[in-house]
>>> print(open('my_file_22.cif').read())   # mmCIF, C-alpha atoms, pLDDT in the B column; chains and numbers go by the auth columns
data_model
#
loop_
_atom_site.group_PDB
_atom_site.id
_atom_site.type_symbol
_atom_site.label_atom_id
_atom_site.label_comp_id
_atom_site.label_asym_id
_atom_site.label_seq_id
_atom_site.Cartn_x
_atom_site.Cartn_y
_atom_site.Cartn_z
_atom_site.B_iso_or_equiv
_atom_site.auth_seq_id
_atom_site.auth_asym_id
ATOM 1 C CA MET A 1 88.545 97.599 94.697 60.00 1 A
ATOM 2 C CA THR A 2 85.667 96.451 92.543 83.00 2 A
ATOM 3 C CA SER A 3 87.106 93.593 90.470 96.00 3 A
ATOM 4 C CA VAL A 4 89.764 90.918 90.822 98.00 4 A
ATOM 5 C CA ALA A 5 91.018 88.686 88.020 98.00 5 A
ATOM 6 C CA ILE A 6 92.454 85.364 89.205 98.00 6 A
ATOM 7 C CA VAL A 7 94.955 83.936 86.736 98.00 7 A
ATOM 8 C CA GLY A 8 95.106 80.210 87.337 96.00 8 A
ATOM 9 C CA GLY A 9 91.775 80.399 89.075 96.00 9 A
ATOM 10 C CA THR A 10 90.867 76.746 88.558 97.00 10 A
ATOM 11 C CA GLY A 11 93.233 75.537 91.293 96.00 11 A
ATOM 12 C CA PRO A 12 92.247 75.105 94.948 97.00 12 A
ATOM 13 C CA LEU A 13 93.618 78.488 96.050 97.00 13 A
ATOM 14 C CA GLY A 14 92.085 80.368 93.139 98.00 14 A
ATOM 15 C CA ARG A 15 88.656 78.871 93.671 98.00 15 A
ATOM 16 C CA GLY A 16 88.804 79.387 97.428 98.00 16 A
ATOM 17 C CA VAL A 17 89.845 83.035 97.198 98.00 17 A
ATOM 18 C CA ALA A 18 87.220 83.615 94.515 97.00 18 A
ATOM 19 C CA ALA A 19 84.467 82.256 96.751 97.00 19 A
ATOM 20 C CA ARG A 20 85.526 84.384 99.719 97.00 20 A
ATOM 21 C CA LEU A 21 85.814 87.567 97.669 96.00 21 A
ATOM 22 C CA VAL A 22 82.507 87.109 95.860 96.00 22 A
ATOM 23 C CA ARG A 23 80.832 86.535 99.195 94.00 23 A
ATOM 24 C CA ALA A 24 82.379 89.823 100.351 94.00 24 A
ATOM 25 C CA GLY A 25 80.838 91.664 97.405 93.00 25 A
ATOM 26 C CA VAL A 26 83.877 91.772 95.111 96.00 26 A
ATOM 27 C CA THR A 27 83.509 91.071 91.401 96.00 27 A
ATOM 28 C CA VAL A 28 85.733 88.119 90.506 97.00 28 A
ATOM 29 C CA ARG A 29 86.830 86.853 87.100 97.00 29 A
ATOM 30 C CA LEU A 30 88.226 83.324 87.124 98.00 30 A
ATOM 31 C CA GLY A 31 90.859 82.703 84.471 98.00 31 A
ATOM 32 C CA SER A 32 92.578 79.673 82.991 98.00 32 A
ATOM 33 C CA ARG A 33 94.562 78.746 79.893 96.00 33 A
ATOM 34 C CA ASP A 34 91.432 76.753 78.998 97.00 34 A
ATOM 35 C CA PRO A 35 88.300 78.971 79.132 97.00 35 A
ATOM 36 C CA ASP A 36 86.074 75.919 79.462 98.00 36 A
ATOM 37 C CA ARG A 37 87.940 74.841 82.600 97.00 37 A
ATOM 38 C CA ALA A 38 87.561 78.356 83.967 98.00 38 A
ATOM 39 C CA ARG A 39 83.816 78.304 83.392 97.00 39 A
ATOM 40 C CA ALA A 40 83.519 74.880 85.022 97.00 40 A
ATOM 41 C CA ALA A 41 85.448 76.178 88.047 97.00 41 A
ATOM 42 C CA ALA A 42 83.178 79.220 88.248 97.00 42 A
ATOM 43 C CA ASP A 43 80.130 76.941 88.211 96.00 43 A
ATOM 44 C CA GLU A 44 81.651 74.927 91.062 96.00 44 A
ATOM 45 C CA VAL A 45 82.325 78.079 93.109 96.00 45 A
ATOM 46 C CA ALA A 46 78.797 79.301 92.411 95.00 46 A
ATOM 47 C CA GLY A 47 77.517 76.011 93.792 95.00 47 A
ATOM 48 C CA TRP A 48 79.437 76.570 97.019 94.00 48 A
ATOM 49 C CA LEU A 49 78.013 80.049 97.346 93.00 49 A
ATOM 50 C CA GLY A 50 74.421 79.313 96.457 88.00 50 A
ATOM 51 C CA ASP A 51 72.365 82.496 96.230 66.00 51 A
ATOM 52 C CA ALA A 52 75.420 84.593 97.175 54.00 52 A
ATOM 53 C CA SER A 53 77.257 83.707 93.965 49.00 53 A
ATOM 54 C CA GLY A 54 75.579 86.182 91.715 47.00 54 A
ATOM 55 C CA HIS A 55 76.289 84.836 88.244 46.00 55 A
ATOM 56 C CA ASP A 56 74.915 88.319 87.572 49.00 56 A
ATOM 57 C CA GLY A 57 78.407 89.758 87.180 59.00 57 A
ATOM 58 C CA GLY A 58 79.698 88.853 90.646 92.00 58 A
ATOM 59 C CA LEU A 59 81.476 85.809 89.254 96.00 59 A
ATOM 60 C CA THR A 60 82.523 85.339 85.652 96.00 60 A
ATOM 61 C CA ALA A 61 85.137 83.246 83.860 97.00 61 A
ATOM 62 C CA GLY A 62 87.226 83.038 80.715 98.00 62 A
ATOM 63 C CA GLY A 63 90.740 82.730 79.369 98.00 63 A
ATOM 64 C CA ASN A 64 93.563 84.331 81.339 98.00 64 A
ATOM 65 C CA ALA A 65 94.130 87.076 78.779 97.00 65 A
ATOM 66 C CA GLU A 66 90.391 87.834 78.742 97.00 66 A
ATOM 67 C CA VAL A 67 89.792 88.104 82.480 98.00 67 A
ATOM 68 C CA VAL A 68 92.684 90.470 83.237 98.00 68 A
ATOM 69 C CA VAL A 69 91.315 93.220 80.985 96.00 69 A
ATOM 70 C CA ASP A 70 90.260 96.215 83.141 92.00 70 A
ATOM 71 C CA ALA A 71 90.498 94.269 86.425 97.00 71 A
ATOM 72 C CA ASP A 72 91.518 96.386 89.415 97.00 72 A
ATOM 73 C CA VAL A 73 93.720 93.617 90.801 98.00 73 A
ATOM 74 C CA ILE A 74 95.308 90.659 89.024 98.00 74 A
ATOM 75 C CA LEU A 75 95.978 87.694 91.336 98.00 75 A
ATOM 76 C CA LEU A 76 98.470 85.106 90.109 98.00 76 A
ATOM 77 C CA ALA A 77 97.572 81.687 91.505 98.00 77 A
ATOM 78 C CA VAL A 78 99.321 79.455 88.968 98.00 78 A
ATOM 79 C CA PRO A 79 101.727 76.626 89.877 97.00 79 A
ATOM 80 C CA TYR A 80 105.310 77.863 90.107 97.00 80 A
ATOM 81 C CA GLY A 81 106.387 75.708 87.172 97.00 81 A
ATOM 82 C CA GLY A 82 104.120 77.646 84.843 97.00 82 A
ATOM 83 C CA LEU A 83 104.639 81.112 86.326 98.00 83 A
ATOM 84 C CA GLY A 84 107.345 82.366 83.972 98.00 84 A
ATOM 85 C CA ALA A 85 105.482 81.350 80.823 98.00 85 A
ATOM 86 C CA THR A 86 102.218 82.791 82.117 98.00 86 A
ATOM 87 C CA VAL A 87 103.803 86.136 82.989 98.00 87 A
ATOM 88 C CA ASP A 88 105.553 86.315 79.614 98.00 88 A
ATOM 89 C CA GLN A 89 102.267 85.634 77.818 98.00 89 A
ATOM 90 C CA LEU A 90 100.445 88.332 79.795 98.00 90 A
ATOM 91 C CA ALA A 91 103.329 90.829 80.034 98.00 91 A
ATOM 92 C CA ASP A 92 101.604 93.542 78.007 98.00 92 A
ATOM 93 C CA ALA A 93 98.396 93.176 80.016 98.00 93 A
ATOM 94 C CA LEU A 94 100.328 93.365 83.309 98.00 94 A
ATOM 95 C CA ASP A 95 102.087 96.594 82.325 97.00 95 A
ATOM 96 C CA GLY A 96 101.470 99.170 85.067 98.00 96 A
ATOM 97 C CA ARG A 97 98.890 96.976 86.803 98.00 97 A
ATOM 98 C CA LEU A 98 98.484 95.939 90.439 98.00 98 A
ATOM 99 C CA VAL A 99 99.584 92.296 90.451 98.00 99 A
ATOM 100 C CA VAL A 100 99.398 90.041 93.501 98.00 100 A
ATOM 101 C CA SER A 101 101.576 86.928 93.500 98.00 101 A
ATOM 102 C CA ALA A 102 100.296 84.077 95.648 98.00 102 A
ATOM 103 C CA VAL A 103 102.684 81.616 94.011 98.00 103 A
ATOM 104 C CA ASN A 104 104.683 79.226 96.207 97.00 104 A
ATOM 105 C CA PRO A 105 107.894 77.793 94.705 98.00 105 A
ATOM 106 C CA LEU A 106 107.929 74.339 96.255 97.00 106 A
ATOM 107 C CA THR A 107 107.984 70.668 95.480 96.00 107 A
ATOM 108 C CA PHE A 108 107.483 67.440 97.433 95.00 108 A
ATOM 109 C CA ASP A 109 109.676 64.444 98.139 95.00 109 A
ATOM 110 C CA ASP A 110 109.203 61.413 100.379 94.00 110 A
ATOM 111 C CA ARG A 111 109.846 63.595 103.463 92.00 111 A
ATOM 112 C CA GLY A 112 107.323 66.296 102.569 93.00 112 A
ATOM 113 C CA PRO A 113 107.367 69.811 101.091 95.00 113 A
ATOM 114 C CA VAL A 114 110.643 71.400 99.979 96.00 114 A
ATOM 115 C CA PRO A 115 111.138 75.076 99.004 97.00 115 A
ATOM 116 C CA LEU A 116 112.659 75.706 95.588 97.00 116 A
ATOM 117 C CA ALA A 117 115.427 78.231 95.018 97.00 117 A
ATOM 118 C CA VAL A 118 114.398 81.094 92.737 98.00 118 A
ATOM 119 C CA GLU A 119 117.123 83.011 90.939 97.00 119 A
ATOM 120 C CA GLU A 120 115.313 86.321 91.433 98.00 120 A
ATOM 121 C CA GLY A 121 114.849 85.621 95.156 98.00 121 A
ATOM 122 C CA SER A 122 111.151 84.730 95.124 98.00 122 A
ATOM 123 C CA ALA A 123 108.252 84.041 92.774 98.00 123 A
ATOM 124 C CA ALA A 124 106.979 87.572 93.364 98.00 124 A
ATOM 125 C CA GLU A 125 110.363 89.052 92.452 98.00 125 A
ATOM 126 C CA LEU A 126 110.399 86.913 89.308 98.00 126 A
ATOM 127 C CA VAL A 127 107.158 88.628 88.269 98.00 127 A
ATOM 128 C CA ALA A 128 108.620 92.054 89.054 98.00 128 A
ATOM 129 C CA ALA A 129 111.773 91.278 87.076 98.00 129 A
ATOM 130 C CA ARG A 130 109.853 90.194 83.976 98.00 130 A
ATOM 131 C CA VAL A 131 107.346 93.062 84.111 98.00 131 A
ATOM 132 C CA PRO A 132 109.237 95.934 85.799 98.00 132 A
ATOM 133 C CA SER A 133 106.351 98.347 85.330 98.00 133 A
ATOM 134 C CA ALA A 134 103.903 96.147 87.269 98.00 134 A
ATOM 135 C CA ARG A 135 103.018 97.078 90.859 98.00 135 A
ATOM 136 C CA VAL A 136 103.813 93.679 92.347 98.00 136 A
ATOM 137 C CA VAL A 137 102.625 92.640 95.797 98.00 137 A
ATOM 138 C CA ALA A 138 103.121 89.250 97.465 98.00 138 A
ATOM 139 C CA ALA A 139 100.295 87.828 99.598 98.00 139 A
ATOM 140 C CA LEU A 140 98.083 84.826 100.389 98.00 140 A
ATOM 141 C CA HIS A 141 100.864 82.226 100.488 97.00 141 A
ATOM 142 C CA SER A 142 99.951 80.653 103.812 95.00 142 A
ATOM 143 C CA VAL A 143 96.143 80.508 103.724 97.00 143 A
ATOM 144 C CA SER A 144 94.741 76.982 103.507 96.00 144 A
ATOM 145 C CA SER A 145 92.658 76.386 100.401 95.00 145 A
ATOM 146 C CA ARG A 146 90.648 73.874 102.428 95.00 146 A
ATOM 147 C CA GLU A 147 89.761 76.556 104.969 96.00 147 A
ATOM 148 C CA LEU A 148 88.935 79.072 102.250 97.00 148 A
ATOM 149 C CA LYS A 149 86.326 76.659 100.934 95.00 149 A
ATOM 150 C CA ARG A 150 84.602 76.347 104.331 96.00 150 A
ATOM 151 C CA LEU A 151 82.438 79.400 103.704 95.00 151 A
ATOM 152 C CA ASP A 152 80.261 79.031 106.776 94.00 152 A
ATOM 153 C CA GLU A 153 83.260 79.672 109.039 96.00 153 A
ATOM 154 C CA PRO A 154 85.486 82.765 109.202 97.00 154 A
ATOM 155 C CA LEU A 155 89.182 82.361 108.548 97.00 155 A
ATOM 156 C CA ASP A 156 91.594 82.622 111.464 97.00 156 A
ATOM 157 C CA ASP A 157 94.655 83.872 109.601 97.00 157 A
ATOM 158 C CA ASP A 158 97.123 86.715 109.412 98.00 158 A
ATOM 159 C CA VAL A 159 98.303 87.320 105.861 98.00 159 A
ATOM 160 C CA PRO A 160 101.680 89.023 105.325 98.00 160 A
ATOM 161 C CA VAL A 161 101.460 91.526 102.461 98.00 161 A
ATOM 162 C CA LEU A 162 104.793 92.537 100.950 98.00 162 A
ATOM 163 C CA GLY A 163 105.663 95.101 98.309 98.00 163 A
ATOM 164 C CA ASP A 164 107.711 98.148 97.407 98.00 164 A
ATOM 165 C CA ASP A 165 104.733 100.251 96.275 98.00 165 A
ATOM 166 C CA GLU A 166 103.071 101.408 99.494 98.00 166 A
ATOM 167 C CA GLU A 167 99.831 102.415 97.775 98.00 167 A
ATOM 168 C CA ALA A 168 99.596 98.997 96.144 98.00 168 A
ATOM 169 C CA VAL A 169 100.234 97.274 99.489 98.00 169 A
ATOM 170 C CA ALA A 170 97.546 99.408 101.151 98.00 170 A
ATOM 171 C CA ALA A 171 95.092 98.540 98.371 98.00 171 A
ATOM 172 C CA VAL A 172 95.704 94.810 98.802 98.00 172 A
ATOM 173 C CA VAL A 173 95.384 95.103 102.582 98.00 173 A
ATOM 174 C CA ALA A 174 92.035 96.871 102.130 97.00 174 A
ATOM 175 C CA LEU A 175 90.872 94.183 99.712 97.00 175 A
ATOM 176 C CA LEU A 176 91.807 91.266 101.966 98.00 176 A
ATOM 177 C CA GLU A 177 90.223 92.932 104.991 97.00 177 A
ATOM 178 C CA ARG A 178 86.893 92.273 103.303 96.00 178 A
ATOM 179 C CA ILE A 179 87.362 88.524 103.834 97.00 179 A
ATOM 180 C CA ASP A 180 85.832 87.455 107.151 97.00 180 A
ATOM 181 C CA GLY A 181 88.511 86.381 109.611 98.00 181 A
ATOM 182 C CA CYS A 182 91.448 87.455 107.457 98.00 182 A
ATOM 183 C CA ARG A 183 93.875 89.984 108.959 98.00 183 A
ATOM 184 C CA PRO A 184 96.257 91.264 106.274 98.00 184 A
ATOM 185 C CA VAL A 185 99.466 92.729 107.682 98.00 185 A
ATOM 186 C CA ALA A 186 101.733 95.083 105.729 98.00 186 A
ATOM 187 C CA ALA A 187 104.991 93.267 106.413 98.00 187 A
ATOM 188 C CA GLY A 188 107.779 94.928 104.443 98.00 188 A
ATOM 189 C CA PRO A 189 109.410 95.196 101.023 98.00 189 A
ATOM 190 C CA LEU A 190 109.131 92.729 98.183 98.00 190 A
ATOM 191 C CA ARG A 191 112.645 91.411 98.848 98.00 191 A
ATOM 192 C CA LEU A 192 111.170 89.534 101.837 98.00 192 A
ATOM 193 C CA ALA A 193 108.598 87.708 99.713 98.00 193 A
ATOM 194 C CA GLY A 194 110.771 84.608 99.643 98.00 194 A
ATOM 195 C CA VAL A 195 110.423 84.318 103.423 97.00 195 A
ATOM 196 C CA ALA A 196 106.628 84.302 103.150 97.00 196 A
ATOM 197 C CA GLU A 197 106.729 81.821 100.274 98.00 197 A
ATOM 198 C CA ASP A 198 109.042 79.419 102.129 96.00 198 A
ATOM 199 C CA LEU A 199 106.879 79.636 105.259 95.00 199 A
ATOM 200 C CA THR A 200 104.244 77.678 103.360 96.00 200 A
ATOM 201 C CA CYS A 201 106.495 74.606 103.392 96.00 201 A
ATOM 202 C CA LEU A 202 106.697 74.803 107.185 96.00 202 A
ATOM 203 C CA LEU A 203 102.919 75.033 107.511 97.00 203 A
ATOM 204 C CA LEU A 204 102.420 72.127 105.121 96.00 204 A
ATOM 205 C CA SER A 205 104.876 70.061 107.154 96.00 205 A
ATOM 206 C CA VAL A 206 102.884 70.813 110.323 96.00 206 A
ATOM 207 C CA ASN A 207 99.699 69.844 108.490 96.00 207 A
ATOM 208 C CA ARG A 208 101.197 66.552 107.420 94.00 208 A
ATOM 209 C CA ARG A 209 102.489 65.694 110.873 94.00 209 A
ATOM 210 C CA HIS A 210 99.369 66.727 112.803 97.00 210 A
ATOM 211 C CA ARG A 211 96.702 66.020 110.165 95.00 211 A
ATOM 212 C CA THR A 212 95.217 69.497 110.179 96.00 212 A
ATOM 213 C CA HIS A 213 95.224 72.765 108.200 95.00 213 A
ATOM 214 C CA VAL A 214 97.065 75.313 110.297 96.00 214 A
ATOM 215 C CA GLY A 215 97.076 79.062 109.797 94.00 215 A
ATOM 216 C CA PHE A 216 99.508 81.786 110.713 92.00 216 A
ATOM 217 C CA ARG A 217 99.274 84.536 113.337 96.00 217 A
ATOM 218 C CA PHE A 218 101.512 87.392 114.449 97.00 218 A
ATOM 219 C CA THR A 219 101.274 87.649 118.239 97.00 219 A
ATOM 220 C CA ARG A 220 101.355 90.916 120.190 97.00 220 A
ATOM 221 C CA LEU A 221 100.606 92.947 117.064 95.00 221 A
#
>>> encode(input="my_file_22.cif", output="structure tokens")
Amino acid sequence: MTSVAIVGGTGPLGRGVAARLVRAGVTVRLGSRDPDRARAAADEVAGWLGDASGHDGGLTAGGNAEVVVDADVILLAVPYGGLGATVDQLADALDGRLVVSAVNPLTFDDRGPVPLAVEEGSAAELVAARVPSARVVAALHSVSSRELKRLDEPLDDDVPVLGDDEEAVAAVVALLERIDGCRPVAAGPLRLAGVAEDLTCLLLSVNRRHRTHVGFRFTRL
């Protein structure tokens, strides 16, 4: 994989993943509905990276529709509330492409995070339903954006990777293996994506109770 477009790349997850991938030598294109916001986010990420950022093609930015053109992988990192509209707007560009959904359908009340029911079963399956030709993979739901930003330290996370296209899953596993301290694990079909998405609420609840940023590990694997 040589290039990744991050749709919704101005959020904490998008910026964090961008920084880690650029540091690993992957070309990243940060996207947003507002190209100016995307460019500002790219400048911020470049500041985190220092001399490793490139700005020589390693990290670029623009509108969502612009950055997805010719990207090897398209990572969706938008809030769940805007996912349907974003996918509909980019449907033609997502046709036949490798699309990774990192979207978590959740909200918060006075007791903490709450998973949202998705008619299709999960955010990833929503993407697959709206663009049936896309090679949809679910991943990166449980990785802390705060830890992604701490570039001087490796991650300490397993990342479930779910999808029905085995070649697409293998490609995403190979991509995420380039991130220091990240262990991607092929974990099953896309119909299980809702389990991975809902797990995020559990981790956020632990974070809130213990004032930390926990990760996720499979033991004895």
>>> resolve_selection(input="my_file_22.cif", expression="the PyMOL selection byres ((chain A and resi 82) around 12)", output="list in words")
Val7, Gly8, Ser32, Arg33, Leu76, Ala77, Val78, Pro79, Tyr80, Gly81, Leu83, Gly84, Ala85, Thr86, Val87, Asp88, Gln89, Val103, Asn104, Pro105, Ala123 and Val127 of chain A
>>> residues_around(input="my_file_22.cif", residues="A:Leu75", least_positions_apart="3", cutoff="8 Å", atoms="all atoms listed in the file", output="ChimeraX atom specification")
/A:4-7,99-102
>>> resolve_selection(input="my_file_22.cif", expression="the PyMOL selection byres ((chain A and resi 10) around 7)", output="list of chain:residue names")
A:Gly8, A:Gly9, A:Gly11, A:Pro12, A:Gly14, A:Arg15, A:Ser32, A:Arg37, A:Ala38, A:Ala41
>>> write_last_selection(input="my_file_22.cif", atoms="C-alpha atoms", output="PDB file, in the coordinates of the input")
ATOM      1  CA  GLY A   8      95.106  80.210  87.337  1.00 96.00           C
ATOM      2  CA  GLY A   9      91.775  80.399  89.075  1.00 96.00           C
ATOM      3  CA  GLY A  11      93.233  75.537  91.293  1.00 96.00           C
ATOM      4  CA  PRO A  12      92.247  75.105  94.948  1.00 97.00           C
ATOM      5  CA  GLY A  14      92.085  80.368  93.139  1.00 98.00           C
ATOM      6  CA  ARG A  15      88.656  78.871  93.671  1.00 98.00           C
ATOM      7  CA  SER A  32      92.578  79.673  82.991  1.00 98.00           C
ATOM      8  CA  ARG A  37      87.940  74.841  82.600  1.00 97.00           C
ATOM      9  CA  ALA A  38      87.561  78.356  83.967  1.00 98.00           C
ATOM     10  CA  ALA A  41      85.448  76.178  88.047  1.00 97.00           C
TER      11      ALA A  41
END
>>> resolve_selection(input="my_file_22.cif", expression="the PyMOL selection byres ((chain A and resi 132-146) around 8)", output="PyMOL selection string")
chain A and resi 12-13+16-17+94-104+124+127-131+147-150+157+159-165+168-169+172+190+193+196-197+199-200+203+213-216
>>> write_last_selection(input="my_file_22.cif", atoms="C-alpha atoms", output="compact mmCIF listing (two decimals), keeping the file's coordinate frame")
# COMPACT_ATOMS: atom_id res chain seq x y z
CA PRO A 12 92.25 75.10 94.95
CA LEU A 13 93.62 78.49 96.05
CA GLY A 16 88.80 79.39 97.43
CA VAL A 17 89.84 83.04 97.20
CA LEU A 94 100.33 93.36 83.31
CA ASP A 95 102.09 96.59 82.32
CA GLY A 96 101.47 99.17 85.07
CA ARG A 97 98.89 96.98 86.80
CA LEU A 98 98.48 95.94 90.44
CA VAL A 99 99.58 92.30 90.45
CA VAL A 100 99.40 90.04 93.50
CA SER A 101 101.58 86.93 93.50
CA ALA A 102 100.30 84.08 95.65
CA VAL A 103 102.68 81.62 94.01
CA ASN A 104 104.68 79.23 96.21
CA ALA A 124 106.98 87.57 93.36
CA VAL A 127 107.16 88.63 88.27
CA ALA A 128 108.62 92.05 89.05
CA ALA A 129 111.77 91.28 87.08
CA ARG A 130 109.85 90.19 83.98
CA VAL A 131 107.35 93.06 84.11
CA GLU A 147 89.76 76.56 104.97
CA LEU A 148 88.94 79.07 102.25
CA LYS A 149 86.33 76.66 100.93
CA ARG A 150 84.60 76.35 104.33
CA ASP A 157 94.66 83.87 109.60
CA VAL A 159 98.30 87.32 105.86
CA PRO A 160 101.68 89.02 105.32
CA VAL A 161 101.46 91.53 102.46
CA LEU A 162 104.79 92.54 100.95
CA GLY A 163 105.66 95.10 98.31
CA ASP A 164 107.71 98.15 97.41
CA ASP A 165 104.73 100.25 96.28
CA ALA A 168 99.60 99.00 96.14
CA VAL A 169 100.23 97.27 99.49
CA VAL A 172 95.70 94.81 98.80
CA LEU A 190 109.13 92.73 98.18
CA ALA A 193 108.60 87.71 99.71
CA ALA A 196 106.63 84.30 103.15
CA GLU A 197 106.73 81.82 100.27
CA LEU A 199 106.88 79.64 105.26
CA THR A 200 104.24 77.68 103.36
CA LEU A 203 102.92 75.03 107.51
CA HIS A 213 95.22 72.76 108.20
CA VAL A 214 97.06 75.31 110.30
CA GLY A 215 97.08 79.06 109.80
CA PHE A 216 99.51 81.79 110.71
>>> atom_distance(input="my_file_22.cif", atom1="atom CA of A:Arg217", atom2="atom CA of A:Pro154")
14.5 Å
>>> atom_distance(input="my_file_22.cif", atom1="atom CA of A:Arg183", atom2="atom CA of A:Leu221")
10.9 Å
>>> closest_residue(input="my_file_22.cif", among="A:Thr212, A:Thr219, A:Ser205, A:Ser3", to="A:Ala71", atoms="all atoms listed in the file")
A:Ser3
>>> atom_distance(input="my_file_22.cif", atom1="atom CA of A:Arg191", atom2="atom CA of A:Thr2")
28.2 Å
>>> closest_residue(input="my_file_22.cif", among="A:Cys201, A:Ile179, A:Ala42, A:Ala186", to="A:Leu116", atoms="all atoms listed in the file")
A:Cys201
>>> axis_aligned_box(input="my_file_22.cif", around="stretch 78-87 of chain A", padding_each_side="8 Å", output="JSON")
{"center_x": 103.3, "center_y": 80.9, "center_z": 85.5, "size_x": 24.0, "size_y": 26.4, "size_z": 25.3}
>>> residues_around(input="my_file_22.cif", residues="A:Val118", least_positions_apart="6", cutoff="9 Å", atoms="all atoms listed in the file", output="ChimeraX atom specification")
/A:105,125-126,194
>>> closest_residue(input="my_file_22.cif", among="A:Val22, A:Pro115, A:Leu175, A:Glu44", to="A:Asp72", atoms="only C-alpha atoms")
A:Leu175
>>> residues_around(input="my_file_22.cif", residues="A:Leu151", least_positions_apart="5", cutoff="9 Å", atoms="all atoms listed in the file", output="number ranges by chain")
A: 16, 19-20, 23, 48-49
>>> closest_residue(input="my_file_22.cif", among="A:Ala61, A:Ala174, A:Val195, A:Val185", to="A:Gly31", atoms="only C-alpha atoms")
A:Ala61
